[in-house]
$ cat upload_8.txt   # compact mmCIF, C-alpha atoms and all ligand atoms
# COMPACT_ATOMS: atom_id res chain seq x y z
CA MET A 870 -71.01 -60.16 21.91
CA GLU A 871 -72.68 -59.18 25.15
CA MET A 872 -71.16 -61.38 27.80
CA LYS A 873 -72.85 -62.70 30.82
CA PRO A 874 -70.26 -63.67 33.42
CA GLU A 875 -71.62 -67.23 33.62
CA SER A 876 -71.23 -67.78 29.87
CA ARG A 877 -67.68 -66.51 29.71
CA SER A 878 -65.88 -69.82 29.81
CA SER A 879 -67.94 -71.34 27.01
CA ALA A 880 -67.60 -68.19 24.91
CA THR A 881 -63.85 -68.41 25.44
CA LEU A 882 -63.78 -72.00 24.24
CA THR A 883 -65.79 -71.36 21.10
CA ALA A 884 -64.70 -67.91 19.95
CA GLY A 885 -61.33 -67.32 21.59
CA MET A 886 -60.63 -64.66 24.17
CA PRO A 887 -62.14 -61.26 23.37
CA VAL A 888 -59.47 -58.66 22.58
CA VAL A 889 -61.31 -56.14 24.74
CA SER A 890 -63.61 -57.25 27.48
CA PHE A 891 -65.74 -55.14 29.81
CA GLN A 892 -66.86 -57.06 32.87
CA ALA A 893 -69.57 -55.38 34.94
CA VAL A 894 -67.88 -52.01 34.45
CA SER A 895 -69.14 -48.88 36.13
CA LYS A 896 -67.46 -45.51 35.82
CA ASP A 897 -68.31 -42.52 37.97
CA TYR A 898 -67.03 -38.99 37.53
CA LEU A 899 -67.25 -36.19 40.05
CA ALA A 900 -68.54 -32.95 38.57
CA ASP A 901 -69.13 -30.00 40.93
CA GLY A 902 -69.23 -32.38 43.87
CA GLN A 903 -71.93 -34.48 42.17
CA LYS A 904 -71.39 -38.07 41.15
CA VAL A 905 -72.09 -38.71 37.47
CA ARG A 906 -72.41 -42.36 36.44
CA ALA A 907 -71.00 -42.51 32.90
CA LEU A 908 -71.00 -46.33 32.59
CA ASP A 909 -73.40 -48.44 34.60
CA ASN A 910 -72.57 -52.12 35.16
CA LEU A 911 -71.72 -52.61 31.50
CA SER A 912 -70.49 -55.94 30.12
CA LEU A 913 -69.27 -56.34 26.56
CA GLY A 914 -66.75 -58.51 24.73
CA ILE A 915 -65.14 -57.49 21.45
CA GLU A 916 -63.68 -60.26 19.35
CA GLU A 917 -60.49 -60.25 17.33
CA GLY A 918 -60.97 -58.38 14.05
CA GLU A 919 -64.46 -57.18 14.93
CA PHE A 920 -65.43 -53.68 13.77
CA VAL A 921 -67.81 -52.25 16.34
CA ALA A 922 -69.72 -48.96 16.08
CA LEU A 923 -70.79 -47.42 19.37
CA VAL A 924 -73.88 -45.28 18.96
CA GLY A 925 -76.20 -43.41 21.27
CA ARG A 926 -76.98 -39.84 22.11
CA SER A 927 -74.42 -37.39 23.45
CA GLY A 928 -73.51 -38.17 27.05
CA CYS A 929 -74.44 -41.87 26.90
CA GLY A 930 -70.85 -42.95 27.65
CA LYS A 931 -69.21 -43.60 24.26
CA SER A 932 -66.00 -41.64 24.88
CA THR A 933 -65.75 -43.01 28.41
CA LEU A 934 -65.94 -46.55 27.04
CA LEU A 935 -63.21 -45.85 24.48
CA ASN A 936 -60.94 -44.28 27.10
CA LEU A 937 -61.34 -47.31 29.35
CA ALA A 938 -60.73 -49.68 26.42
CA GLY A 939 -57.46 -47.85 25.69
CA ALA A 940 -56.33 -47.87 29.34
CA MET A 941 -56.40 -44.08 29.30
CA ASP A 942 -58.73 -44.24 32.31
CA PHE A 943 -59.95 -46.93 34.71
CA PRO A 944 -63.27 -48.29 35.95
CA THR A 945 -64.71 -47.29 39.30
CA SER A 946 -65.82 -50.92 39.64
CA GLY A 947 -65.64 -54.01 37.45
CA ARG A 948 -62.78 -54.87 35.11
CA VAL A 949 -61.59 -53.95 31.63
CA LEU A 950 -59.37 -56.61 30.05
CA LEU A 951 -57.14 -55.72 27.12
CA ASP A 952 -55.80 -58.88 25.50
CA GLY A 953 -56.66 -60.68 28.72
CA THR A 954 -54.85 -58.27 31.04
CA PRO A 955 -56.93 -56.21 33.51
CA THR A 956 -55.92 -52.59 32.85
CA SER A 957 -56.25 -51.71 36.55
CA SER A 958 -53.54 -54.26 37.41
CA LEU A 959 -50.82 -52.49 35.42
CA ASN A 960 -48.15 -50.24 36.91
CA ASP A 961 -46.95 -47.10 35.10
CA SER A 962 -44.44 -48.86 32.86
CA GLY A 963 -46.97 -51.58 32.04
CA LEU A 964 -49.48 -48.91 31.08
CA THR A 965 -47.03 -47.02 28.91
CA CYS A 966 -46.19 -50.29 27.23
CA ILE A 967 -49.80 -51.35 26.63
CA ARG A 968 -50.79 -47.90 25.30
CA ARG A 969 -47.80 -47.80 22.95
CA GLU A 970 -48.00 -51.35 21.71
CA LYS A 971 -51.61 -52.43 21.80
CA VAL A 972 -53.71 -49.33 21.17
CA GLY A 973 -54.11 -46.79 18.38
CA PHE A 974 -56.36 -43.77 18.94
CA ILE A 975 -58.08 -41.48 16.41
CA PHE A 976 -59.91 -38.34 17.53
CA GLN A 977 -62.54 -36.07 16.04
CA SER A 978 -60.04 -33.20 16.20
CA PHE A 979 -57.17 -35.21 14.62
CA GLN A 980 -54.67 -34.13 17.35
CA LEU A 981 -51.62 -33.96 15.13
CA LEU A 982 -48.60 -32.18 16.58
CA PRO A 983 -48.60 -28.85 14.69
CA THR A 984 -44.83 -28.40 14.69
CA LEU A 985 -44.13 -31.81 13.12
CA SER A 986 -44.51 -32.71 9.45
CA ALA A 987 -46.92 -35.44 8.34
CA ILE A 988 -44.25 -38.12 8.29
CA GLU A 989 -42.79 -36.99 11.63
CA ASN A 990 -46.24 -37.24 13.21
CA VAL A 991 -46.62 -40.80 11.92
CA GLU A 992 -43.10 -41.78 12.93
CA LEU A 993 -43.41 -40.45 16.48
CA PRO A 994 -44.98 -43.54 18.14
CA LEU A 995 -42.18 -45.70 16.76
CA LEU A 996 -39.48 -43.24 17.86
CA LEU A 997 -40.97 -43.26 21.35
CA ALA A 998 -40.95 -47.05 21.29
CA GLY A 999 -37.28 -47.05 20.23
CA SER A 1000 -37.85 -48.63 16.81
CA PRO A 1001 -35.03 -47.95 14.30
CA THR A 1002 -37.22 -48.43 11.21
CA GLY A 1003 -39.72 -45.66 11.91
CA ARG A 1004 -39.13 -43.53 8.85
CA THR A 1005 -39.65 -46.40 6.39
CA ALA A 1006 -42.73 -47.70 8.19
CA ALA A 1007 -44.18 -44.17 8.40
CA ARG A 1008 -43.65 -43.65 4.67
CA GLU A 1009 -45.39 -46.95 3.91
CA MET A 1010 -48.33 -46.09 6.13
CA LEU A 1011 -48.72 -42.66 4.50
CA GLY A 1012 -48.78 -44.43 1.14
CA TRP A 1013 -51.46 -46.81 2.42
CA VAL A 1014 -53.72 -43.87 3.39
CA GLU A 1015 -53.06 -42.39 -0.07
CA LEU A 1016 -50.86 -39.53 1.09
CA ALA A 1017 -47.67 -40.41 -0.77
CA GLY A 1018 -46.06 -37.09 -1.72
CA CYS A 1019 -47.44 -35.28 1.35
CA GLU A 1020 -44.75 -36.55 3.76
CA ASP A 1021 -43.14 -33.17 4.39
CA ARG A 1022 -46.30 -31.08 4.63
CA MET A 1023 -47.10 -29.49 7.96
CA PRO A 1024 -50.56 -30.16 9.44
CA HIS A 1025 -51.76 -26.61 8.59
CA GLN A 1026 -51.00 -27.35 4.93
CA LEU A 1027 -53.39 -30.32 4.90
CA SER A 1028 -57.18 -30.51 4.57
CA GLY A 1029 -59.26 -32.01 7.39
CA GLY A 1030 -59.60 -35.30 5.56
CA GLN A 1031 -55.85 -35.42 4.92
CA MET A 1032 -55.11 -34.65 8.57
CA GLN A 1033 -57.38 -37.49 9.65
CA ARG A 1034 -55.59 -39.82 7.24
CA VAL A 1035 -52.25 -38.82 8.80
CA ALA A 1036 -53.83 -39.54 12.20
CA ILE A 1037 -54.94 -42.98 10.97
CA ALA A 1038 -51.43 -43.70 9.70
CA ARG A 1039 -50.04 -42.65 13.09
CA ALA A 1040 -52.56 -44.81 14.95
CA LEU A 1041 -51.69 -47.88 12.86
CA VAL A 1042 -47.94 -47.56 12.32
CA HIS A 1043 -47.12 -49.75 15.33
CA SER A 1044 -49.72 -52.41 14.33
CA PRO A 1045 -51.90 -52.07 17.43
CA ARG A 1046 -54.26 -54.83 18.54
CA VAL A 1047 -57.07 -52.32 18.92
CA LEU A 1048 -57.96 -49.18 17.01
CA LEU A 1049 -60.13 -46.74 18.95
CA ALA A 1050 -61.85 -43.98 16.98
CA ASP A 1051 -63.87 -41.28 18.74
CA GLU A 1052 -66.23 -39.57 16.23
CA PRO A 1053 -63.56 -39.82 13.52
CA THR A 1054 -65.75 -38.19 10.84
CA GLY A 1055 -67.34 -35.60 13.15
CA ASN A 1056 -65.30 -32.68 11.77
CA LEU A 1057 -65.29 -33.74 8.12
CA ASP A 1058 -67.42 -33.11 5.05
CA THR A 1059 -69.26 -36.10 3.55
CA THR A 1060 -66.67 -36.90 0.89
CA SER A 1061 -63.71 -36.84 3.28
CA GLY A 1062 -65.75 -38.68 5.89
CA ASP A 1063 -66.59 -41.44 3.41
CA MET A 1064 -62.92 -41.89 2.59
CA ILE A 1065 -62.09 -42.23 6.30
CA LEU A 1066 -64.90 -44.77 6.79
CA ASN A 1067 -63.70 -46.79 3.82
CA LEU A 1068 -60.19 -46.84 5.29
CA LEU A 1069 -61.53 -47.97 8.67
CA ARG A 1070 -63.52 -50.72 6.95
CA ARG A 1071 -60.39 -51.86 5.08
CA ILE A 1072 -58.32 -51.82 8.28
CA ALA A 1073 -60.78 -54.24 9.87
CA THR A 1074 -61.18 -56.43 6.78
CA GLU A 1075 -57.62 -56.55 5.47
CA HIS A 1076 -55.57 -56.14 8.64
CA LYS A 1077 -57.99 -57.80 11.06
CA THR A 1078 -57.43 -54.93 13.46
CA THR A 1079 -60.12 -54.90 16.11
CA THR A 1080 -61.82 -51.52 15.79
CA LEU A 1081 -64.09 -49.64 18.14
CA MET A 1082 -65.62 -46.47 16.72
CA ALA A 1083 -67.92 -44.01 18.50
CA THR A 1084 -70.17 -42.18 16.07
CA HIS A 1085 -73.30 -40.10 15.67
CA SER A 1086 -73.56 -40.97 12.02
CA LEU A 1087 -75.88 -43.76 10.88
CA GLU A 1088 -73.87 -44.01 7.69
CA ALA A 1089 -70.71 -44.58 9.73
CA ALA A 1090 -72.40 -47.16 11.92
CA ALA A 1091 -73.59 -49.02 8.82
CA MET A 1092 -69.94 -49.76 7.91
CA ALA A 1093 -69.41 -51.78 11.09
CA ASP A 1094 -69.88 -55.52 11.73
CA THR A 1095 -71.62 -54.82 14.99
CA ILE A 1096 -73.58 -51.86 16.28
CA VAL A 1097 -73.69 -51.38 20.04
CA ARG A 1098 -76.29 -48.87 21.18
CA LEU A 1099 -75.59 -47.27 24.55
CA ARG A 1100 -78.13 -45.50 26.70
CA ASP A 1101 -77.35 -43.94 30.05
CA GLY A 1102 -74.10 -45.88 30.33
CA ARG A 1103 -75.68 -49.27 29.60
CA VAL A 1104 -75.80 -51.48 26.53
CA GLU A 1105 -79.31 -51.02 25.19
CA GLU A 1106 -79.00 -53.10 22.04
CA VAL A 1107 -76.42 -55.11 20.08
CA LEU A 1108 -76.98 -55.52 16.34
CA ARG A 1109 -74.73 -57.84 14.38
CA ARG A 1110 -74.64 -58.21 10.65
N1 LIG B 1 -64.07 -35.88 32.86
C1 LIG B 1 -65.37 -35.86 33.19
N2 LIG B 1 -65.79 -35.29 34.34
C2 LIG B 1 -67.08 -35.30 34.69
N3 LIG B 1 -68.07 -35.85 33.96
C3 LIG B 1 -67.71 -36.44 32.79
C4 LIG B 1 -66.35 -36.49 32.35
N4 LIG B 1 -66.30 -37.14 31.18
C5 LIG B 1 -67.57 -37.49 30.89
N5 LIG B 1 -68.41 -37.08 31.86
C6 LIG B 1 -69.86 -37.32 31.91
O1 LIG B 1 -70.06 -38.71 31.73
C7 LIG B 1 -71.17 -38.95 30.88
C8 LIG B 1 -70.72 -39.72 29.65
O2 LIG B 1 -69.88 -38.88 28.86
P1 LIG B 1 -69.15 -39.35 27.53
O3 LIG B 1 -68.50 -40.66 27.77
O4 LIG B 1 -68.28 -38.22 27.10
O5 LIG B 1 -70.39 -39.54 26.53
P2 LIG B 1 -70.45 -39.48 24.93
O6 LIG B 1 -69.08 -39.66 24.40
O7 LIG B 1 -71.39 -40.60 24.55
O8 LIG B 1 -71.03 -38.15 24.56
C9 LIG B 1 -71.78 -37.59 30.57
O9 LIG B 1 -72.80 -37.35 31.51
C10 LIG B 1 -70.62 -36.65 30.78
O10 LIG B 1 -71.06 -35.38 31.13
MG MG B 2 -67.93 -38.47 23.14

$ encode --input "upload_8.txt" --output "structure tokens" --more "lines below"
Ligand SMILES: Nc1ncnc2c1ncn2[C@@H]1O[C@H](COP(=O)(O)OP(=O)(O)O)[C@@H](O)[C@H]1O
Ligand SMILES: [Mg+2]
Amino acid sequence: MEMKPESRSSATLTAGMPVVSFQAVSKDYLADGQKVRALDNLSLGIEEGEFVALVGRSGCGKSTLLNLAGAMDFPTSGRVLLDGTPTSSLNDSGLTCIRREKVGFIFQSFQLLPTLSAIENVELPLLLAGSPTGRTAAREMLGWVELAGCEDRMPHQLSGGQMQRVAIARALVHSPRVLLADEPTGNLDTTSGDMILNLLRRIATEHKTTTLMATHSLEAAAMADTIVRLRDGRVEEVLRR
């Protein structure tokens, strides 16, 4: 899981290329003229189909790591490889392509578009990608997250757990290589949160979608194959089942 640069070639031979690979990644932000080091020389490889929980106290770099994994942001030094491609090497159209085709994102605050119905929210990524079969695929995905019958509801007519299930359907409708979830149960009650965690577990097990989830919850982390504990922007510990 944790990759040393010198062991990369043998790891590649035995386990295949990691879907997401962090190679000596540092990330600095500027806040009020002060440099803040959010990730500090971090190396990590995430294998195909692996379900990884990122844990660690607030500010340790979880969201930064997810944003870099999804090519939403870029390292200050080192490289992030998504399916073998360094994200920093992509031009704008390459980035749009990789974000649309390879990555699905779920947020604590759901981030549904309030003026679109449930099915329109799910269909949107496919419309943007020019797919003609969006409506059918969106309906199927809503069925998979157990929201058949809720297609035409607006987000404000859904509970938090239902909104997060719409968000999961939207994140998965284009069959991404990587699902990134930032505190996906953070705004939910225990029952709704458990349902979301069970769905995430099934996504990894049944669809072999590589999943990276940041969480504060020990219960959430316990669903994962691998727990990566961050501290001050570094990998402190890797626990595998
Ligand atoms: N856009 C930003 N500008 C400045 N500092 C940031 C920004 N995003 C995150 N940070 C800082 O980087 C560190 C890591 O933040 P983050 O990745 O959000 O941690 P976590 O998700 O684990 O709470 C924190 O010190 C945070 O304040
Ligand atoms: Mg965060």

$ closest_atom_pairs --input "upload_8.txt" --of "chain A" --to "ligand MG 2 (chain B)" --cutoff "12 Å" --atoms "only C-alpha atoms and all ligand atoms" --output "JSON lines"
{"residue": "A:Ala907", "atom": "CA", "partner": "B:MG2", "partner_atom": "MG", "distance": 11.0}
{"residue": "A:Leu923", "atom": "CA", "partner": "B:MG2", "partner_atom": "MG", "distance": 10.1}
{"residue": "A:Val924", "atom": "CA", "partner": "B:MG2", "partner_atom": "MG", "distance": 10.0}
{"residue": "A:Gly925", "atom": "CA", "partner": "B:MG2", "partner_atom": "MG", "distance": 9.8}
{"residue": "A:Arg926", "atom": "CA", "partner": "B:MG2", "partner_atom": "MG", "distance": 9.2}
{"residue": "A:Ser927", "atom": "CA", "partner": "B:MG2", "partner_atom": "MG", "distance": 6.6}
{"residue": "A:Gly928", "atom": "CA", "partner": "B:MG2", "partner_atom": "MG", "distance": 6.8}
{"residue": "A:Cys929", "atom": "CA", "partner": "B:MG2", "partner_atom": "MG", "distance": 8.3}
{"residue": "A:Gly930", "atom": "CA", "partner": "B:MG2", "partner_atom": "MG", "distance": 7.0}
{"residue": "A:Lys931", "atom": "CA", "partner": "B:MG2", "partner_atom": "MG", "distance": 5.4}
{"residue": "A:Ser932", "atom": "CA", "partner": "B:MG2", "partner_atom": "MG", "distance": 4.1}
{"residue": "A:Thr933", "atom": "CA", "partner": "B:MG2", "partner_atom": "MG", "distance": 7.3}
{"residue": "A:Leu934", "atom": "CA", "partner": "B:MG2", "partner_atom": "MG", "distance": 9.2}
{"residue": "A:Leu935", "atom": "CA", "partner": "B:MG2", "partner_atom": "MG", "distance": 8.9}
{"residue": "A:Asn936", "atom": "CA", "partner": "B:MG2", "partner_atom": "MG", "distance": 9.9}
{"residue": "A:Phe976", "atom": "CA", "partner": "B:MG2", "partner_atom": "MG", "distance": 9.8}
{"residue": "A:Gln977", "atom": "CA", "partner": "B:MG2", "partner_atom": "MG", "distance": 9.2}
{"residue": "A:Ser978", "atom": "CA", "partner": "B:MG2", "partner_atom": "MG", "distance": 11.8}
{"residue": "A:Ala1050", "atom": "CA", "partner": "B:MG2", "partner_atom": "MG", "distance": 10.3}
{"residue": "A:Asp1051", "atom": "CA", "partner": "B:MG2", "partner_atom": "MG", "distance": 6.6}
{"residue": "A:Glu1052", "atom": "CA", "partner": "B:MG2", "partner_atom": "MG", "distance": 7.2}
{"residue": "A:Pro1053", "atom": "CA", "partner": "B:MG2", "partner_atom": "MG", "distance": 10.7}
{"residue": "A:Gly1055", "atom": "CA", "partner": "B:MG2", "partner_atom": "MG", "distance": 10.4}
{"residue": "A:Met1082", "atom": "CA", "partner": "B:MG2", "partner_atom": "MG", "distance": 10.5}
{"residue": "A:Ala1083", "atom": "CA", "partner": "B:MG2", "partner_atom": "MG", "distance": 7.2}
{"residue": "A:Thr1084", "atom": "CA", "partner": "B:MG2", "partner_atom": "MG", "distance": 8.3}
{"residue": "A:His1085", "atom": "CA", "partner": "B:MG2", "partner_atom": "MG", "distance": 9.3}
{"residue": "A:Leu1099", "atom": "CA", "partner": "B:MG2", "partner_atom": "MG", "distance": 11.8}

$ residues_around --input "upload_8.txt" --residues "Gln1031 in chain A" --least-positions-apart "6" --cutoff "10 Å" --atoms "only C-alpha atoms" --output "CSV table (one decimal) with C-alpha atoms, in the coordinates of the input"
chain,number,residue,atom,x,y,z
A,979,PHE,CA,-57.2,-35.2,14.6
A,987,ALA,CA,-46.9,-35.4,8.3
A,1014,VAL,CA,-53.7,-43.9,3.4
A,1015,GLU,CA,-53.1,-42.4,-0.1
A,1016,LEU,CA,-50.9,-39.5,1.1
A,1019,CYS,CA,-47.4,-35.3,1.4
A,1024,PRO,CA,-50.6,-30.2,9.4
A,1037,ILE,CA,-54.9,-43.0,11.0
A,1061,SER,CA,-63.7,-36.8,3.3
A,1064,MET,CA,-62.9,-41.9,2.6
A,1065,ILE,CA,-62.1,-42.2,6.3

$ axis_aligned_box --input "upload_8.txt" --around "range 1050-1053 of chain A" --padding-each-side "8 Å" --output "AutoDock Vina command-line options"
--center_x -64.0 --center_y -41.8 --center_z 16.1 --size_x 20.4 --size_y 20.4 --size_z 21.2

$ closest_residue --input "upload_8.txt" --among "A:Gln980, A:Ser890, A:Gln1026, A:Ser1000" --to "Leu937 in chain A" --atoms "only C-alpha atoms"
A:Ser890

$ closest_residue --input "upload_8.txt" --among "A:Ile988, A:Leu981, A:Thr1074, A:Ile915" --to "Gly1018 in chain A" --atoms "all atoms listed in the file"
A:Ile988

$ residues_around --input "upload_8.txt" --residues "Ala1093 in chain A" --least-positions-apart "2" --cutoff "10 Å" --atoms "all atoms listed in the file" --output "ChimeraX atom specification"
/A:919-923,1066,1069-1070,1073,1080-1082,1088-1091,1095-1097,1108-1110

$ write_last_selection --input "upload_8.txt" --atoms "C-alpha atoms" --output "short mmCIF file (atom, residue, chain, number, x, y, z; two decimals), in the coordinates of the input"
data_model
loop_
_atom_site.label_atom_id
_atom_site.label_comp_id
_atom_site.auth_asym_id
_atom_site.auth_seq_id
_atom_site.Cartn_x
_atom_site.Cartn_y
_atom_site.Cartn_z
CA GLU A 919 -64.46 -57.18 14.93
CA PHE A 920 -65.43 -53.68 13.77
CA VAL A 921 -67.81 -52.25 16.34
CA ALA A 922 -69.72 -48.96 16.08
CA LEU A 923 -70.79 -47.42 19.37
CA LEU A 1066 -64.90 -44.77 6.79
CA LEU A 1069 -61.53 -47.97 8.67
CA ARG A 1070 -63.52 -50.72 6.95
CA ALA A 1073 -60.78 -54.24 9.87
CA THR A 1080 -61.82 -51.52 15.79
CA LEU A 1081 -64.09 -49.64 18.14
CA MET A 1082 -65.62 -46.47 16.72
CA GLU A 1088 -73.87 -44.01 7.69
CA ALA A 1089 -70.71 -44.58 9.73
CA ALA A 1090 -72.40 -47.16 11.92
CA ALA A 1091 -73.59 -49.02 8.82
CA THR A 1095 -71.62 -54.82 14.99
CA ILE A 1096 -73.58 -51.86 16.28
CA VAL A 1097 -73.69 -51.38 20.04
CA LEU A 1108 -76.98 -55.52 16.34
CA ARG A 1109 -74.73 -57.84 14.38
CA ARG A 1110 -74.64 -58.21 10.65
#

$ closest_residue --input "upload_8.txt" --among "A:Thr1079, A:Pro887, A:Val894, A:Gln903" --to "ligand LIG 1 (chain B)" --atoms "only C-alpha atoms and all ligand atoms"
A:Gln903

$ closest_residue --input "upload_8.txt" --among "A:Met1010, A:Leu908, A:Ile967, A:Val1104" --to "ligand LIG 1 (chain B)" --atoms "all atoms listed in the file"
A:Leu908

$ closest_residue --input "upload_8.txt" --among "A:Lys904, A:Arg948, A:Lys971, A:His1076" --to "ligand LIG 1 (chain B)" --atoms "only C-alpha atoms and all ligand atoms"
A:Lys904

$ atom_distance --input "upload_8.txt" --atom1 "CA of Asp901 in chain A" --atom2 "atom P1 of ligand LIG 1 (chain B)"
16.3 Å
